[in-house]
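Asker: Input structure: run.cif, which contains mmCIF, C-alpha atoms (C1' of nucleotides).
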data_my_file
#
loop_
_atom_site.label_atom_id
_atom_site.label_comp_id
_atom_site.auth_asym_id
_atom_site.auth_seq_id
_atom_site.Cartn_x
_atom_site.Cartn_y
_atom_site.Cartn_z
CA MET W 24 -32.85 -14.10 39.13
CA ASP W 25 -30.46 -12.29 36.82
CA SER W 26 -29.70 -13.14 33.23
CA ASN W 27 -26.50 -15.05 33.97
CA THR W 28 -28.25 -17.32 36.42
CA THR W 29 -31.02 -17.76 33.90
CA ILE W 30 -28.58 -18.75 31.17
CA ARG W 31 -26.97 -21.33 33.44
CA ALA W 32 -30.36 -22.80 34.29
CA LEU W 33 -31.49 -22.88 30.67
CA ALA W 34 -28.22 -24.49 29.60
CA ALA W 35 -28.53 -27.04 32.38
CA LEU W 36 -31.94 -28.12 31.12
CA ALA W 37 -31.00 -28.00 27.44
CA GLN W 38 -29.57 -31.49 27.31
CA GLU W 39 -31.37 -34.76 26.81
CA HIS W 40 -30.09 -36.65 29.83
CA ARG W 41 -30.30 -33.65 32.12
CA LEU W 42 -33.83 -32.73 31.14
CA ALA W 43 -34.87 -36.36 31.67
CA ALA W 44 -33.16 -36.44 35.05
CA PHE W 45 -34.72 -33.21 36.16
CA ARG W 46 -38.20 -34.31 35.11
CA LEU W 47 -37.65 -37.49 37.07
CA LEU W 48 -36.61 -35.55 40.15
CA VAL W 49 -39.61 -33.26 39.88
CA GLN W 50 -41.83 -36.31 39.84
CA ALA W 51 -39.95 -37.88 42.71
CA GLY W 52 -40.68 -34.94 44.95
CA GLU W 53 -38.95 -34.14 48.22
CA ALA W 54 -37.83 -37.74 48.69
CA GLY W 55 -35.56 -37.46 45.68
CA LEU W 56 -33.61 -40.20 43.96
CA SER W 57 -30.12 -41.63 44.28
CA ALA W 58 -27.50 -40.94 41.63
CA GLY W 59 -27.50 -44.59 40.67
CA ALA W 60 -31.28 -44.73 40.28
CA ILE W 61 -31.21 -41.67 38.07
CA ALA W 62 -28.40 -43.03 35.93
CA GLU W 63 -30.24 -46.30 35.44
CA ALA W 64 -33.58 -44.65 34.66
CA VAL W 65 -32.01 -42.25 32.20
CA GLY W 66 -29.78 -44.91 30.70
CA ALA W 67 -26.43 -43.20 31.09
CA PRO W 68 -23.15 -44.50 32.58
CA ALA W 69 -22.56 -43.47 36.17
CA SER W 70 -19.68 -41.14 35.40
CA SER W 71 -21.58 -39.36 32.66
CA MET W 72 -24.62 -38.95 34.85
CA SER W 73 -22.45 -37.63 37.64
CA PHE W 74 -21.16 -34.97 35.27
CA HIS W 75 -24.69 -33.99 34.30
CA LEU W 76 -25.96 -33.92 37.87
CA ALA W 77 -23.08 -31.60 38.69
CA GLN W 78 -24.24 -29.23 35.96
CA LEU W 79 -27.79 -29.19 37.28
CA SER W 80 -26.46 -28.71 40.76
CA HIS W 81 -24.18 -25.88 39.73
CA ALA W 82 -27.16 -24.22 38.07
CA GLY W 83 -28.97 -24.45 41.40
CA LEU W 84 -31.78 -26.55 40.03
CA ILE W 85 -31.18 -29.59 42.20
CA ARG W 86 -29.82 -30.33 45.63
CA GLN W 87 -27.74 -33.15 47.01
CA LYS W 88 -27.75 -34.87 50.35
CA ARG W 89 -25.94 -37.95 51.52
CA GLN W 90 -27.93 -40.84 52.88
CA SER W 91 -25.60 -43.57 53.96
CA ARG W 92 -23.68 -44.65 50.89
CA SER W 93 -26.06 -43.00 48.46
CA LEU W 94 -26.22 -39.42 47.32
CA ILE W 95 -29.81 -38.38 47.03
CA TYR W 96 -30.69 -35.66 44.58
CA SER W 97 -33.90 -33.66 44.66
CA ALA W 98 -35.38 -30.87 42.57
CA ASP W 99 -35.20 -27.34 43.87
CA TYR W 100 -38.69 -26.10 43.11
CA ALA W 101 -37.93 -22.56 44.17
CA ALA W 102 -35.09 -22.32 41.64
CA MET W 103 -37.35 -23.62 38.90
CA GLY W 104 -39.93 -21.10 40.00
CA GLY W 105 -37.32 -18.38 39.71
CA LEU W 106 -36.55 -19.45 36.17
CA MET W 107 -40.23 -19.48 35.26
CA ALA W 108 -40.62 -16.04 36.77
CA TYR W 109 -37.70 -14.66 34.77
CA LEU W 110 -39.04 -16.07 31.53
CA THR W 111 -42.51 -14.78 32.24
CA GLU W 112 -41.26 -11.33 33.06
CA ASN W 113 -38.68 -10.97 30.34
CA CYS W 114 -39.60 -13.27 27.52
CA CYS W 115 -43.36 -13.24 27.33
CA GLY W 116 -44.18 -9.58 26.94
CA GLY W 117 -47.54 -9.87 28.60
CA GLN W 118 -48.81 -11.99 25.72
CA SER W 119 -49.79 -14.63 28.26
CA CYS W 120 -47.08 -17.15 27.59
CA ALA W 121 -47.76 -18.71 30.94
CA PRO W 122 -50.49 -21.29 30.54
CA ALA W 123 -52.79 -19.91 33.19
CA THR W 124 -52.09 -22.34 35.99
CA SER W 125 -53.94 -22.68 39.23
CA CYS W 126 -56.01 -19.59 38.79
CA GLU W 127 -58.82 -20.99 40.87
CA THR W 128 -56.66 -21.26 43.94
CA GLN W 129 -55.75 -17.61 44.21
CA ASN W 130 -56.78 -14.29 42.79
CA ASP W 131 -55.19 -11.72 45.03
CA THR W 132 -51.55 -12.25 44.12
CA GLU W 133 -51.22 -9.06 42.18
CA ARG W 134 -47.91 -8.56 40.48
CA ASN W 135 -46.44 -5.59 38.69
CA ALA W 136 -44.39 -7.25 36.01
CA ALA W 137 -41.82 -4.93 34.44
CA MET R 12 -44.26 -29.64 22.37
CA ASP R 13 -42.07 -32.71 22.72
CA SER R 14 -38.84 -32.98 24.62
CA ASN R 15 -36.61 -32.57 21.56
CA THR R 16 -38.30 -29.34 20.58
CA THR R 17 -38.04 -28.21 24.17
CA ILE R 18 -34.34 -28.92 24.26
CA ARG R 19 -33.78 -26.94 21.08
CA ALA R 20 -35.72 -24.01 22.50
CA LEU R 21 -33.89 -24.11 25.83
CA ALA R 22 -30.53 -24.32 24.07
CA ALA R 23 -31.48 -21.43 21.83
CA LEU R 24 -32.17 -19.22 24.84
CA ALA R 25 -29.18 -20.43 26.83
CA GLN R 26 -26.71 -18.00 25.32
CA GLU R 27 -26.00 -14.43 26.29
CA HIS R 28 -26.47 -12.77 22.90
CA ARG R 29 -29.45 -14.89 21.97
CA LEU R 30 -31.29 -14.34 25.24
CA ALA R 31 -30.66 -10.61 24.89
CA ALA R 32 -31.92 -10.65 21.31
CA PHE R 33 -35.01 -12.59 22.19
CA ARG R 34 -35.87 -10.29 25.08
CA LEU R 35 -35.50 -7.38 22.72
CA LEU R 36 -37.81 -8.96 20.19
CA VAL R 37 -40.40 -9.71 22.83
CA GLN R 38 -40.34 -6.05 23.80
CA ALA R 39 -40.50 -4.97 20.18
CA GLY R 40 -43.73 -6.83 19.63
CA GLU R 41 -45.28 -7.69 16.29
CA ALA R 42 -43.36 -4.92 14.51
CA GLY R 43 -40.11 -6.71 15.17
CA LEU R 44 -36.59 -5.47 14.56
CA SER R 45 -34.12 -5.69 11.70
CA ALA R 46 -31.07 -7.94 11.94
CA GLY R 47 -28.84 -4.90 11.97
CA ALA R 48 -30.75 -3.20 14.76
CA ILE R 49 -30.54 -6.33 16.86
CA ALA R 50 -26.83 -6.76 16.23
CA GLU R 51 -26.16 -3.18 17.22
CA ALA R 52 -28.33 -3.30 20.33
CA VAL R 53 -26.77 -6.56 21.48
CA GLY R 54 -23.26 -5.48 20.54
CA ALA R 55 -22.30 -8.35 18.31
CA PRO R 56 -20.81 -8.36 14.79
CA ALA R 57 -23.35 -8.88 12.03
CA SER R 58 -22.14 -12.32 11.05
CA SER R 59 -22.17 -13.56 14.63
CA MET R 60 -25.64 -12.20 15.21
CA SER R 61 -26.83 -13.80 12.01
CA PHE R 62 -25.62 -17.14 13.32
CA HIS R 63 -27.48 -16.64 16.58
CA LEU R 64 -30.67 -15.48 14.90
CA ALA R 65 -30.56 -18.63 12.80
CA GLN R 66 -30.42 -20.71 15.98
CA LEU R 67 -33.44 -18.95 17.44
CA SER R 68 -35.23 -19.31 14.15
CA HIS R 69 -34.43 -23.00 13.88
CA ALA R 70 -35.78 -23.46 17.39
CA GLY R 71 -39.00 -21.85 16.21
CA LEU R 72 -38.81 -19.01 18.70
CA ILE R 73 -38.59 -16.20 16.18
CA ARG R 74 -39.79 -15.51 12.66
CA GLN R 75 -38.27 -13.69 9.74
CA LYS R 76 -39.80 -11.55 7.05
CA ARG R 77 -38.16 -9.44 4.41
CA GLN R 78 -38.99 -5.76 4.25
CA SER R 79 -37.15 -4.22 1.38
CA ARG R 80 -33.46 -4.71 2.07
CA SER R 81 -33.95 -5.48 5.74
CA LEU R 82 -34.81 -8.78 7.33
CA ILE R 83 -37.22 -8.18 10.15
CA TYR R 84 -37.26 -10.64 13.02
CA SER R 85 -40.09 -10.97 15.49
CA ALA R 86 -40.77 -13.16 18.50
CA ASP R 87 -43.10 -16.12 18.12
CA TYR R 88 -45.16 -15.82 21.27
CA ALA R 89 -46.98 -19.08 20.66
CA ALA R 90 -43.71 -21.00 20.57
CA MET R 91 -42.61 -19.36 23.81
CA GLY R 92 -45.99 -20.25 25.25
CA GLY R 93 -45.44 -23.84 24.21
CA LEU R 94 -42.11 -23.89 25.99
CA MET R 95 -43.65 -22.43 29.13
CA ALA R 96 -46.42 -25.00 28.96
CA TYR R 97 -43.95 -27.86 28.65
CA LEU R 98 -41.92 -26.64 31.60
CA THR R 99 -45.00 -26.11 33.70
CA GLU R 100 -46.35 -29.54 32.92
CA ASN R 101 -43.12 -31.50 33.16
CA CYS R 102 -40.75 -29.60 35.36
CA CYS R 103 -42.86 -28.03 38.03
CA GLY R 104 -44.69 -30.96 39.54
CA GLY R 105 -47.71 -28.96 40.53
CA GLN R 106 -45.61 -27.04 43.04
CA SER R 107 -46.76 -23.83 41.36
CA CYS R 108 -43.57 -22.88 39.63
CA ALA R 109 -45.50 -20.55 37.36
CA PRO R 110 -45.86 -17.19 39.05
CA ALA R 111 -49.61 -16.87 38.66
CA THR R 112 -49.80 -14.30 35.91
CA SER R 113 -52.73 -12.46 34.48
CA CYS R 114 -55.39 -14.40 36.27
CA GLU R 115 -57.78 -11.51 36.19
CA THR R 116 -57.84 -11.23 32.40
CA GLN R 117 -59.07 -14.70 31.60
CA ASN R 118 -60.55 -17.71 33.22
CA ASP R 119 -62.00 -19.64 30.34
CA THR R 120 -58.86 -20.39 28.40
CA GLU R 121 -58.81 -24.02 29.32
CA ARG R 122 -55.87 -25.88 27.91
CA ASN R 123 -55.13 -29.54 27.68
CA ALA R 124 -51.42 -29.46 26.88
CA ALA R 125 -49.95 -32.94 26.72
"C1'" DT N 7 -26.68 -1.62 -15.35
"C1'" DC N 8 -24.08 0.12 -11.50
"C1'" DG N 9 -23.18 1.18 -6.97
"C1'" DA N 10 -24.62 1.18 -2.26
"C1'" DT N 11 -26.82 -1.03 1.58
"C1'" DG N 12 -28.46 -4.89 4.57
"C1'" DA N 13 -27.78 -9.40 5.57
"C1'" DT N 14 -26.25 -14.21 5.06
"C1'" DT N 15 -22.94 -17.87 4.06
"C1'" DC N 16 -18.28 -19.58 4.03
"C1'" DG N 17 -14.26 -21.06 6.24
"C1'" DA N 18 -10.82 -21.37 9.57
"C1'" DT N 19 -10.09 -21.36 14.40
"C1'" DA N 20 -11.02 -21.20 19.25
"C1'" DA N 21 -13.66 -22.52 23.06
"C1'" DT N 22 -16.83 -25.19 25.39
"C1'" DT N 23 -19.31 -29.36 26.40
"C1'" DA N 24 -20.12 -34.42 26.33
"C1'" DT N 25 -18.53 -39.24 26.78
"C1'" DG N 26 -17.14 -43.10 29.46
"C1'" DG N 27 -13.56 -46.26 31.39
"C1'" DA N 28 -10.28 -46.40 35.09
"C1'" DA N 29 -8.77 -44.78 39.43
"C1'" DA N 30 -9.84 -42.58 43.69
"C1'" DT N 31 -13.00 -41.30 47.66
"C1'" DA N 32 -16.65 -42.13 51.11
"C1'" DT N 33 -19.56 -45.10 53.80
"C1'" DG N 34 -21.08 -49.08 56.21
"C1'" DG N 35 -21.07 -53.93 57.61
"C1'" DA N 36 -18.60 -58.26 58.99
"C1'" DT I 30 -9.16 -53.96 59.26
"C1'" DC I 31 -10.96 -55.54 55.02
"C1'" DC I 32 -14.30 -55.91 51.60
"C1'" DA I 33 -18.28 -54.45 48.97
"C1'" DT I 34 -21.12 -50.74 47.44
"C1'" DA I 35 -22.23 -46.00 45.79
"C1'" DT I 36 -20.46 -42.24 43.62
"C1'" DT I 37 -17.26 -38.96 42.12
"C1'" DT I 38 -13.00 -37.30 39.96
"C1'" DC I 39 -9.51 -37.82 36.51
"C1'" DC I 40 -8.18 -38.16 31.92
"C1'" DA I 41 -8.12 -38.43 27.06
"C1'" DT I 42 -10.91 -37.87 23.23
"C1'" DA I 43 -14.84 -36.72 20.47
"C1'" DA I 44 -18.38 -33.68 19.27
"C1'" DT I 45 -20.64 -29.51 19.26
"C1'" DT I 46 -20.95 -24.56 19.45
"C1'" DA I 47 -19.15 -19.76 19.12
"C1'" DT I 48 -16.44 -16.14 16.82
"C1'" DC I 49 -15.83 -13.00 13.09
"C1'" DG I 50 -13.54 -11.30 8.77
"C1'" DA I 51 -14.09 -11.91 3.94
"C1'" DA I 52 -16.81 -13.23 0.19
"C1'" DT I 53 -21.35 -13.68 -1.62
"C1'" DC I 54 -26.30 -12.79 -2.25
"C1'" DA I 55 -30.54 -9.83 -2.45
"C1'" DT I 56 -32.76 -5.47 -2.96
"C1'" DC I 57 -33.29 -0.76 -4.22
"C1'" DG I 58 -32.49 3.79 -6.28
"C1'" DA I 59 -30.41 6.51 -9.88
#
As structure tokens, please, write out the structure in this file.
Answerer:
Amino acid sequence: MDSNTTIRALAALAQEHRLAAFRLLVQAGEAGLSAGAIAEAVGAPASSMSFHLAQLSHAGLIRQKRQSRSLIYSADYAAMGGLMAYLTENCCGGQSCAPATSCETQNDTERNAA
Amino acid sequence: MDSNTTIRALAALAQEHRLAAFRLLVQAGEAGLSAGAIAEAVGAPASSMSFHLAQLSHAGLIRQKRQSRSLIYSADYAAMGGLMAYLTENCCGGQSCAPATSCETQNDTERNAA
DNA sequence: TCGATGATTCGATAATTATGGAAATATGGA
DNA sequence: TCCATATTTCCATAATTATCGAATCATCGA
């Protein structure tokens, strides 16, 4: 992930309704949620939410698929992982910004962070 | 870290010059860098850079201290860690977004981030 | 105290982003 | 085909954010 992609992703998440929507989609998992369900949960008018979902989508953080009349959005975990990786590599300086997740499940994933 | 703080931090990093400046400060470590040095490295006029440094500062991501005539800025690693923790907890859904860093250097730093 | 240096604040302007109703598009069922 | 539903696109407007020169403020050395 390069810095431009990173900036788009950060900007996409740096907005109240979008952060709420993304959190919701992360919770929803692979099944995802319809645009209408998201708008209602977040409390934003449909057209506004549509605008925000487009931003998240353009940033690559969520995906869209049609299911009958509904458009189902779901989080792209890999993209979020890419963002986390960029921040860890470039913005944490080895000072252990990452909160030591899931260390008991693996200990051979060596990485040579620049 | 609550969602408003998170949004401020994300917004602070979601800008070309500011992301560049923050990366620089992370590299610079505790010693930090003067406002002028940052402006020159990033390639922005002093007044513009000052505006951006104020944003980062307001977001809590960097700190300022005066050293004679210079204002020295340095990264606040704890704040960055808080942001990473929030994203890991709320935006990664246990799908291991965090790239498993530095697992060999600690295994007793339990954390109960909300 | 004066002048030089490092940096911020001011102010005007440009550019981008957000808002939300109305109109348009897509899908499916009767 | 026609209607209802789900959602987006269009549009105008409001709000926020970025830019940067000039003026101001703070500090230091002579």
Asker: Can you work out which one of R:Ser59, R:Gln38, R:Gln78, R:Cys108 has the shortest atom-to-atom distance to Met103 of chain W, counting only C-alpha atoms?
Answerer: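 For Met103 of chain W, the nearest of the given residues is R:Cys108.
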Asker: Chain R vs chain W: Cα RMSD after least-squares superposition over all Cα in order?
Answerer: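 Computed value for the CA RMSD is 1.3 Å.
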Asker: Evaluate the PyMOL selection byres ((chain I and resi 41-50) around 9) here and jot the selected residues down as a ChimeraX atom specification.
Answerer: /R:56-59 /N:19-25 /I:40,51
Asker: Could you jot down the atom CA of Gly92 of chain R to atom CA of Gly40 of chain R separation for me, Å, one decimal place?
Answerer: 14.7 Å
Asker: Pull out every residue that the PyMOL selection byres ((chain R and resi 95) around 8) matches in the shown coordinates and put them as a ChimeraX atom specification.
Answerer: /W:107,120-122 /R:91-94,96-99
Asker: Taking the file above as input, evaluate the PyMOL selection byres ((chain W) within 12 of (chain I)) and report the hits as JSON, numbers by chain.
Answerer: {"W": [57, 58, 59, 60, 62, 68, 69, 70, 71, 72, 73, 74, 75, 76, 77, 89, 90, 91, 92, 93, 94, 95]}
Asker: Taking all atoms listed in the file into account, which of W:Ala37, W:Leu48, W:Asp99, W:Ala43 comes nearest chain R?
Answerer: W:Ala37
Asker: Check the smallest atom-to-atom distance from each of W:His81, W:Arg86, W:His40, W:Arg31 to chain R using only C-alpha atoms, then report the winner.
Answerer: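 Between W:His81, W:Arg86, W:His40, W:Arg31, the residue approaching chain R most closely is W:Arg31.
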Asker: What residues in chain N have any atom no more than 12 Å from chain R when counting only C-alpha atoms (C1' of nucleotides), and can you write them as a list in words?
Answerer: DA10, DT11, DG12, DA13, DT14, DT15 and DC16 of chain N
Asker: Could you save those same residues with C-alpha atoms (C1' of nucleotides) as a PDB file, in the frame of the given file?
Answerer:
ATOM      1  C1'  DA N  10     -24.620   1.180  -2.260  1.00  0.00           C
ATOM      2  C1'  DT N  11     -26.820  -1.030   1.580  1.00  0.00           C
ATOM      3  C1'  DG N  12     -28.460  -4.890   4.570  1.00  0.00           C
ATOM      4  C1'  DA N  13     -27.780  -9.400   5.570  1.00  0.00           C
ATOM      5  C1'  DT N  14     -26.250 -14.210   5.060  1.00  0.00           C
ATOM      6  C1'  DT N  15     -22.940 -17.870   4.060  1.00  0.00           C
ATOM      7  C1'  DC N  16     -18.280 -19.580   4.030  1.00  0.00           C
TER       8       DC N  16
END
Asker: State, in Å with one decimal place, the distance from atom CA of Ala102 of chain W to atom CA of Leu21 of chain R.
Answerer: 16.0 Å
Asker: Find the residue from W:Leu36, W:Val65, W:Leu56, W:Leu84 that sits nearest to chain R; use only C-alpha atoms when measuring.
Answerer: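 Between W:Leu36, W:Val65, W:Leu56, W:Leu84, the residue approaching chain R most closely is W:Leu36.
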Asker: Which is closer to chain W than all the others in R:Cys102, R:Leu67, R:Ala32, R:Ala23, using only C-alpha atoms?
Answerer: R:Cys102
Asker: Given 3 Å of margin on each side, can you work out the centre and size in Å (one decimal) of an axis-aligned box holding every listed atom of segment 67-81 of chain R, as AutoDock Vina command-line options?
Answerer:
--center_x -36.6 --center_y -13.8 --center_z 10.0 --size_x 12.4 --size_y 25.2 --size_z 23.3
Asker: What gap, in Å, lies between atom CA of Glu100 of chain R and atom CA of Tyr100 of chain W?
Answerer: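 About the pair atom CA of Glu100 of chain R and atom CA of Tyr100 of chain W: they are 13.2 Å apart.
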Asker: Could you check the closest approach to chain R for each of W:Ala98, W:Ala67, W:Met24, W:Ala34 and tell me which residue wins, using all atoms listed in the file?
Answerer: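 Result for the nearest residue to chain R: W:Ala34.
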